[in-house]
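Coordinates from model-v5.cif are shown below (mmCIF, C-alpha atoms).
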```
data_data
#
loop_
_atom_site.label_atom_id
_atom_site.label_comp_id
_atom_site.auth_asym_id
_atom_site.auth_seq_id
_atom_site.Cartn_x
_atom_site.Cartn_y
_atom_site.Cartn_z
CA MET A 1 4.79 -2.24 -21.42
CA ALA A 2 2.63 0.87 -21.06
CA LEU A 3 0.95 1.21 -17.69
CA LYS A 4 -2.23 3.22 -17.36
CA THR A 5 -2.90 5.60 -14.47
CA TYR A 6 -5.82 4.95 -12.07
CA VAL A 7 -7.34 6.96 -9.22
CA CYS A 8 -8.86 5.18 -6.22
CA HIS A 9 -12.42 6.10 -5.27
CA LYS A 10 -13.39 3.26 -2.94
CA THR A 11 -14.74 3.67 0.57
CA VAL A 12 -13.12 1.27 3.02
CA ARG A 13 -13.05 0.63 6.75
CA ALA A 14 -9.55 0.59 8.20
CA MET A 15 -7.52 0.59 11.38
CA GLN A 16 -3.95 1.77 11.79
CA ILE A 17 -1.80 -0.91 13.40
CA ALA A 18 0.15 0.29 16.43
CA GLU A 19 1.05 -3.17 17.74
CA ILE A 20 0.92 -6.76 16.49
CA HIS A 21 0.56 -9.59 18.99
CA PRO A 22 1.10 -12.94 17.25
CA GLY A 23 -0.41 -16.21 18.34
CA ARG A 24 -3.60 -15.04 20.02
CA ALA A 25 -6.88 -16.73 19.26
CA ASP A 26 -10.52 -15.73 19.27
CA LYS A 27 -13.75 -16.95 17.69
CA ARG A 28 -12.15 -16.61 14.24
CA GLY A 29 -9.52 -19.20 15.17
CA PRO A 30 -5.80 -18.97 15.88
CA GLY A 31 -4.08 -15.87 14.65
CA SER A 32 -2.73 -12.50 15.69
CA THR A 33 -4.25 -9.53 17.45
CA LEU A 34 -3.78 -6.08 15.97
CA ARG A 35 -4.00 -3.08 18.31
CA SER A 36 -4.80 0.46 17.13
CA PRO A 37 -3.17 3.61 18.54
CA ASP A 38 -6.43 4.08 20.54
CA GLY A 39 -6.08 0.63 22.17
CA GLU A 40 -8.83 -1.04 20.12
CA GLU A 41 -8.05 -4.65 19.21
CA PHE A 42 -8.92 -6.73 16.16
CA SER A 43 -8.02 -10.37 15.54
CA VAL A 44 -6.83 -11.71 12.20
CA SER A 45 -6.11 -15.27 11.07
CA ASP A 46 -2.64 -16.76 10.66
CA LYS A 47 -3.44 -17.08 6.95
CA TRP A 48 -4.07 -13.31 6.70
CA THR A 49 -0.87 -12.50 8.63
CA GLN A 50 1.26 -14.80 6.46
CA LYS A 51 -0.25 -13.45 3.23
CA HIS A 52 0.04 -9.73 4.05
CA ASN A 53 3.02 -9.59 6.44
CA PRO A 54 1.61 -6.53 8.27
CA GLN A 55 3.93 -4.01 9.85
CA GLU A 56 3.29 -1.66 12.77
CA GLY A 57 2.24 1.74 11.42
CA GLY A 58 0.45 0.22 8.42
CA TYR A 59 -3.30 -0.31 8.07
CA PHE A 60 -5.67 -3.26 8.25
CA VAL A 61 -8.20 -2.58 5.46
CA LEU A 62 -11.71 -4.02 5.09
CA TYR A 63 -13.43 -3.54 1.72
CA ALA A 64 -17.21 -3.36 1.22
CA ASP A 65 -17.26 -6.89 -0.24
CA GLY A 66 -15.65 -8.31 2.92
CA TYR A 67 -12.12 -8.65 1.53
CA GLU A 68 -9.48 -8.02 4.22
CA SER A 69 -6.17 -6.51 3.19
CA TYR A 70 -3.12 -4.63 4.46
CA SER A 71 -1.71 -1.33 3.25
CA PRO A 72 1.61 0.27 4.21
CA ARG A 73 1.16 3.61 5.97
CA ASP A 74 2.43 5.90 3.20
CA ALA A 75 0.39 4.17 0.49
CA PHE A 76 -2.79 4.23 2.59
CA GLU A 77 -2.48 7.80 3.80
CA SER A 78 -1.71 9.13 0.31
CA GLY A 79 -4.79 7.40 -1.13
CA TYR A 80 -7.47 7.69 1.56
CA THR A 81 -8.93 10.50 3.67
CA LEU A 82 -10.83 9.93 6.91
CA ILE A 83 -14.53 10.83 6.58
#
```
Would you mind giving the structure from this file in structure tokens?
Amino acid sequence: MALKTYVCHKTVRAMQIAEIHPGRADKRGPGSTLRSPDGEEFSVSDKWTQKHNPQEGGYFVLYADGYESYSPRDAFESGYTLI
């Protein structure tokens, strides 16, 4: 199978994950709380956590269409630059 090469050109909003606190809840329902290196917190659903299996050091990623994803640190930092 021949794979083609692609270059990413999307603008996303993201937060590096310094800590993950499972089992916290907020208005979005039960889930986990992600904390950035700056101490900012963001809650995600259990469904998101189970699907993406986030790791500390990686990034929570929010696309323009509202899709929420996770990216390992090396993959994110090699593909995106802070603007």
### Query
Got a sec to resolve the PyMOL selection byres ((chain A and resi 65-79) around 9) on this structure and send the residues as a PyMOL selection string?
chain A and resi 7-9+16+48+52-64+80-81
Could you give me the centre and size, in Å to one decimal, of an axis-aligned box around all listed atoms of range 46-62 of chain A with 6 Å added on every side, as lines of an AutoDock Vina configuration file?
```
center_x = -3.9
center_y = -7.7
center_z = 8.0
size_x = 27.6
size_y = 30.8
size_z = 21.5
```
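The space between CA of Pro37 in chain A and CA of Gly23 in chain A spans 20.0 Å.
Here the question is which of A:Lys51, A:His21, A:Thr11, A:Leu3 gets nearest to Leu34 in chain A using all atoms listed in the file, and that residue is A:His21.
The coordinates place CA of Ser32 in chain A at 7.3 Å from CA of Thr49 in chain A.
Between CA of Val44 in chain A and CA of Gly31 in chain A lies a distance of 5.6 Å.
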### Task
Would you kindly return, as a PyMOL selection string, each protein, DNA or RNA residue with an atom no farther than 12 Å from any atom of Ile83 in chain A, considering only C-alpha atoms and excluding same-chain residues fewer than 6 positions away?
chain A and resi 11-14
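This file gives the following result for the PyMOL selection byres ((chain A and resi 36) around 8): Met15, Gln16, Ile17, Ala18, Glu19, Leu34, Arg35, Pro37, Asp38, Gly39, Glu40 and Glu41 of chain A.
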